[in-house]
Amino acid sequence: RRPPSRATPPPRSGGRPRPSQNGLAPTPPPLPPPYPTAKMTAALVPAARQLSVLAPAFGLHTALISRVTLRVPPLGDLYLEDAIGAAAALWLAPRCVPPLAALSSPASEPSLPRLSRRRLAFLLAALGARYLLSGCIKQGAGWLLAAATPRLAAPRAWALATLAGHLAWVGMAVRLLGDELGFFAPRSAWLRLDWSASWLRWVLCGAAACVPAFELASSLAPSPELGLGALASAAPTITAQITSLDDGLAFALSVFTACASGPFLEEVLYRGFLLRALRQHMPLGLAAPASAALFALHHGTGPGQPTLPLAALGLVFSATFVGSGNLAVSILTHSLWNLRVVALSRLR
């Protein structure tokens, strides 16, 4: 007969391992793989350090620097933030503008799957349909809130309906890009988003350059009655509605929509997807203005909306993304601009 095996039997589930028959110490069961806390810490610590510098710098710029004027004899009175923005634009220009060959010829990233023109048109049409549907959801949510909770304050009902429509738009757009392109997969070539990178200098210069870009485009724009221009101090209608809210919860929900979730989705759509997809079929010198124009038309849909200045902002966001190669830079730059507009309108 075959002799019995002296190998250590496997441990019983939920108990201690059995001692071996030969008197030796039992083999411990294999440990589960450790939770990747070190990897998460390595990604969060650099972002937290940069945010700790970015937050007070933004507060200083909004509360103090935006109100300081300088006397320049050839130019007269000049806002300090305009001078800082011009210097930031000079820093960004050589780092964001690619060589002339890249501006005049189409270029596709090697790791990025190529989209045909038909598929690109289908995705744009599908995104537009979902955006219109989210507007209907917003209107329906407003009617339901008015009918179900007649005692609910009007500002809070408006904020909840706006948030419902926006979240519906975010969910449908993310689902479409995820299903069609695998956009948000862990190793997707589309999602170039790195919070652990060194983005502080890019964000500070991009946010500062937005101010002179918006004001210059406002001065060159036609009359506001055509919906193509606005003064530098004018805020879009949605911002005016947010800053007029007296309800604390409604104001917080609206600020979250305008300064957090909104910039994230818009930068994913217009810079992370549209700009890079258009570069496969046209040079960057045309792809960047085209994506900026669609970005402006997305916002400037009513009378008095600053369409041309918003297109200038879209060009700044595109420049920071192209120069840094990191979507986190354009997301933070966009968020800071929206937060600046809301803060200045609130302070007035």
# chains A, B, ... in the order shown; residues from 1 in each chain; ligands from 1

$ residues_around --residues "range 160-164 of chain A" --least-positions-apart "5" --cutoff "7 Å" --atoms "only C-alpha atoms" --output "PDB file with C-alpha atoms, in the first residue's frame"
ATOM      1  CA  LYS A 138     -34.120  69.933 -15.746  1.00  0.00           C
ATOM      2  CA  ALA A 141     -37.505  68.222 -12.303  1.00  0.00           C
ATOM      3  CA  GLY A 142     -38.515  71.839 -11.747  1.00  0.00           C
ATOM      4  CA  THR A 257     -22.379  72.545 -10.271  1.00  0.00           C
TER       5      THR A 257
END

$ residues_around --residues "Leu120 in chain A" --least-positions-apart "5" --cutoff "10 Å" --atoms "only C-alpha atoms" --output "list in words"
Arg114, Leu115, Ala125, Ala126, Leu274, Ala277 and Leu278 of chain A

$ write_last_selection --atoms "N, CA, C and O atoms" --output "PDB file, in the first residue's frame"
ATOM      1  N   ARG A 114      -7.703  55.933 -33.844  1.00  0.00           N
ATOM      2  CA  ARG A 114      -8.178  56.912 -34.814  1.00  0.00           C
ATOM      3  C   ARG A 114      -9.691  56.796 -34.987  1.00  0.00           C
ATOM      4  O   ARG A 114     -10.236  55.703 -35.101  1.00  0.00           O
ATOM      5  N   LEU A 115     -10.346  57.941 -35.021  1.00  0.00           N
ATOM      6  CA  LEU A 115     -11.785  58.011 -35.231  1.00  0.00           C
ATOM      7  C   LEU A 115     -12.055  58.477 -36.652  1.00  0.00           C
ATOM      8  O   LEU A 115     -11.468  59.459 -37.116  1.00  0.00           O
ATOM      9  N   ALA A 125     -23.222  64.232 -32.532  1.00  0.00           N
ATOM     10  CA  ALA A 125     -24.682  64.289 -32.584  1.00  0.00           C
ATOM     11  C   ALA A 125     -25.306  63.616 -31.361  1.00  0.00           C
ATOM     12  O   ALA A 125     -26.296  64.110 -30.798  1.00  0.00           O
ATOM     13  N   ALA A 126     -24.727  62.494 -30.936  1.00  0.00           N
ATOM     14  CA  ALA A 126     -25.250  61.799 -29.751  1.00  0.00           C
ATOM     15  C   ALA A 126     -25.064  62.639 -28.491  1.00  0.00           C
ATOM     16  O   ALA A 126     -25.953  62.693 -27.628  1.00  0.00           O
ATOM     17  N   LEU A 274     -12.848  66.201 -27.753  1.00  0.00           N
ATOM     18  CA  LEU A 274     -13.096  66.889 -29.014  1.00  0.00           C
ATOM     19  C   LEU A 274     -11.820  67.446 -29.636  1.00  0.00           C
ATOM     20  O   LEU A 274     -11.566  67.266 -30.837  1.00  0.00           O
ATOM     21  N   ALA A 277      -9.708  64.601 -30.937  1.00  0.00           N
ATOM     22  CA  ALA A 277     -10.325  63.935 -32.081  1.00  0.00           C
ATOM     23  C   ALA A 277     -10.245  64.807 -33.334  1.00  0.00           C
ATOM     24  O   ALA A 277     -10.005  64.304 -34.443  1.00  0.00           O
ATOM     25  N   LEU A 278     -10.450  66.108 -33.178  1.00  0.00           N
ATOM     26  CA  LEU A 278     -10.359  67.004 -34.330  1.00  0.00           C
ATOM     27  C   LEU A 278      -8.938  67.091 -34.868  1.00  0.00           C
ATOM     28  O   LEU A 278      -8.741  67.282 -36.082  1.00  0.00           O
TER      29      LEU A 278
END

$ residues_around --residues "Ala217 in chain A" --least-positions-apart "4" --cutoff "7 Å" --atoms "only C-alpha atoms" --output "NGL selection string"
:A and (213 or 221 or 308-309 or 312)

$ write_last_selection --atoms "C-alpha atoms" --output "PDB file, in the first residue's frame"
ATOM      1  CA  ALA A 213      -7.865  87.125 -22.703  1.00  0.00           C
ATOM      2  CA  ALA A 221     -16.585  91.733 -29.686  1.00  0.00           C
ATOM      3  CA  LEU A 308     -16.604  85.607 -28.165  1.00  0.00           C
ATOM      4  CA  PRO A 309     -14.962  86.106 -24.739  1.00  0.00           C
ATOM      5  CA  ALA A 312     -11.103  83.186 -25.890  1.00  0.00           C
TER       6      ALA A 312
END

$ residues_around --residues "Gly59 in chain A" --least-positions-apart "5" --cutoff "12 Å" --atoms "only C-alpha atoms" --output "list of chain:residue names"
A:Ser52, A:Val53, A:Leu54, A:Leu64, A:Ile65, A:Ser66, A:Leu336, A:Leu339, A:Arg340, A:Ala343, A:Leu344

$ write_last_selection --atoms "N, CA, C and O atoms" --output "compact mmCIF listing (two decimals), in the first residue's frame"
# COMPACT_ATOMS: atom_id res chain seq x y z
N SER A 52 -2.60 73.30 -1.41
CA SER A 52 -2.37 74.17 -0.25
C SER A 52 -1.72 75.48 -0.65
O SER A 52 -1.81 76.47 0.09
N VAL A 53 -1.04 75.52 -1.77
CA VAL A 53 -0.48 76.78 -2.28
C VAL A 53 -1.47 77.48 -3.20
O VAL A 53 -1.58 78.71 -3.19
N LEU A 54 -2.21 76.71 -3.98
CA LEU A 54 -3.14 77.29 -4.94
C LEU A 54 -4.29 78.02 -4.26
O LEU A 54 -4.69 79.11 -4.71
N LEU A 64 -7.66 90.86 -3.28
CA LEU A 64 -6.81 92.05 -3.22
C LEU A 64 -6.28 92.47 -4.59
O LEU A 64 -6.45 93.62 -5.01
N ILE A 65 -5.61 91.57 -5.27
CA ILE A 65 -4.93 91.94 -6.50
C ILE A 65 -5.91 92.42 -7.57
O ILE A 65 -5.60 93.33 -8.35
N SER A 66 -7.11 91.84 -7.62
CA SER A 66 -8.08 92.24 -8.63
C SER A 66 -8.57 93.67 -8.45
O SER A 66 -9.18 94.23 -9.36
N LEU A 336 -11.19 77.54 -11.48
CA LEU A 336 -10.80 78.80 -10.84
C LEU A 336 -11.44 80.00 -11.54
O LEU A 336 -11.82 80.97 -10.87
N LEU A 339 -15.07 80.07 -10.40
CA LEU A 339 -15.12 80.47 -8.99
C LEU A 339 -14.79 81.94 -8.83
O LEU A 339 -15.38 82.64 -7.99
N ARG A 340 -13.88 82.45 -9.65
CA ARG A 340 -13.54 83.87 -9.59
C ARG A 340 -14.73 84.73 -9.99
O ARG A 340 -15.03 85.74 -9.35
N ALA A 343 -17.25 84.62 -7.18
CA ALA A 343 -16.79 85.35 -5.99
C ALA A 343 -16.86 86.87 -6.21
O ALA A 343 -17.33 87.61 -5.34
N LEU A 344 -16.39 87.34 -7.36
CA LEU A 344 -16.41 88.78 -7.61
C LEU A 344 -17.85 89.30 -7.72
O LEU A 344 -18.15 90.38 -7.25

$ select_by_dssp --residues "range 111-220 of chain A" --states "alpha helix (DSSP H)" --output "count of residues only"
81

$ atom_distance --atom1 "CA of Trp195 in chain A" --atom2 "CA of Ala43 in chain A"
6.8 Å

$ select_by_dssp --residues "range 74-166 of chain A" --states "strand (DSSP E)" --output "list in words"
Gly76, Asp77, Leu78 and Tyr79 of chain A

$ closest_residue --among "A:Leu265, A:Cys96, A:Leu80, A:Val255" --to "Ala168 in chain A" --atoms "only C-alpha atoms"
A:Leu265

$ residues_around --residues "Thr320 in chain A" --least-positions-apart "5" --cutoff "12 Å" --atoms "only C-alpha atoms" --output "MDAnalysis selection string"
chainID A and resid 88:89 91:98 199:210 267 271:272 288 313:315 325:334

$ atom_distance --atom1 "CA of Phe256 in chain A" --atom2 "CA of Pro155 in chain A"
15.1 Å

$ residues_around --residues "Ala146 in chain A" --least-positions-apart "3" --cutoff "12 Å" --atoms "only C-alpha atoms" --output "list of chain:residue names"
A:Gln139, A:Gly140, A:Ala141, A:Gly142, A:Trp143, A:Thr149, A:Pro150, A:Arg151, A:Leu152, A:Ala153, A:Ala154, A:Pro155, A:Arg156, A:Ala157, A:Trp158, A:Leu160, A:Ala161

$ closest_atom_pairs --of "range 53-147 of chain A" --to "range 177-188 of chain A" --cutoff "10 Å" --atoms "only C-alpha atoms" --output "Markdown table"
| residue | atom | partner | partner_atom | distance |
| --- | --- | --- | --- | --- |
| A:Ser111 | CA | A:Ser188 | CA | 9.3 |
| A:Leu112 | CA | A:Ser188 | CA | 8.8 |
| A:Pro113 | CA | A:Leu181 | CA | 8.7 |
| A:Leu115 | CA | A:Leu181 | CA | 9.6 |
| A:Arg119 | CA | A:Glu180 | CA | 9.7 |
| A:Leu123 | CA | A:Leu177 | CA | 8.3 |
| A:Leu127 | CA | A:Leu177 | CA | 9.1 |

$ atom_distance --atom1 "CA of Gly85 in chain A" --atom2 "CA of Phe251 in chain A"
29.0 Å

$ closest_residue --among "A:Pro289, A:Asn338, A:Gln280, A:Phe214" --to "Ala260 in chain A" --atoms "only C-alpha atoms"
A:Asn338

$ closest_residue --among "A:Ser345, A:Ser105, A:Thr69, A:Ser318" --to "Glu266 in chain A" --atoms "only C-alpha atoms"
A:Ser318
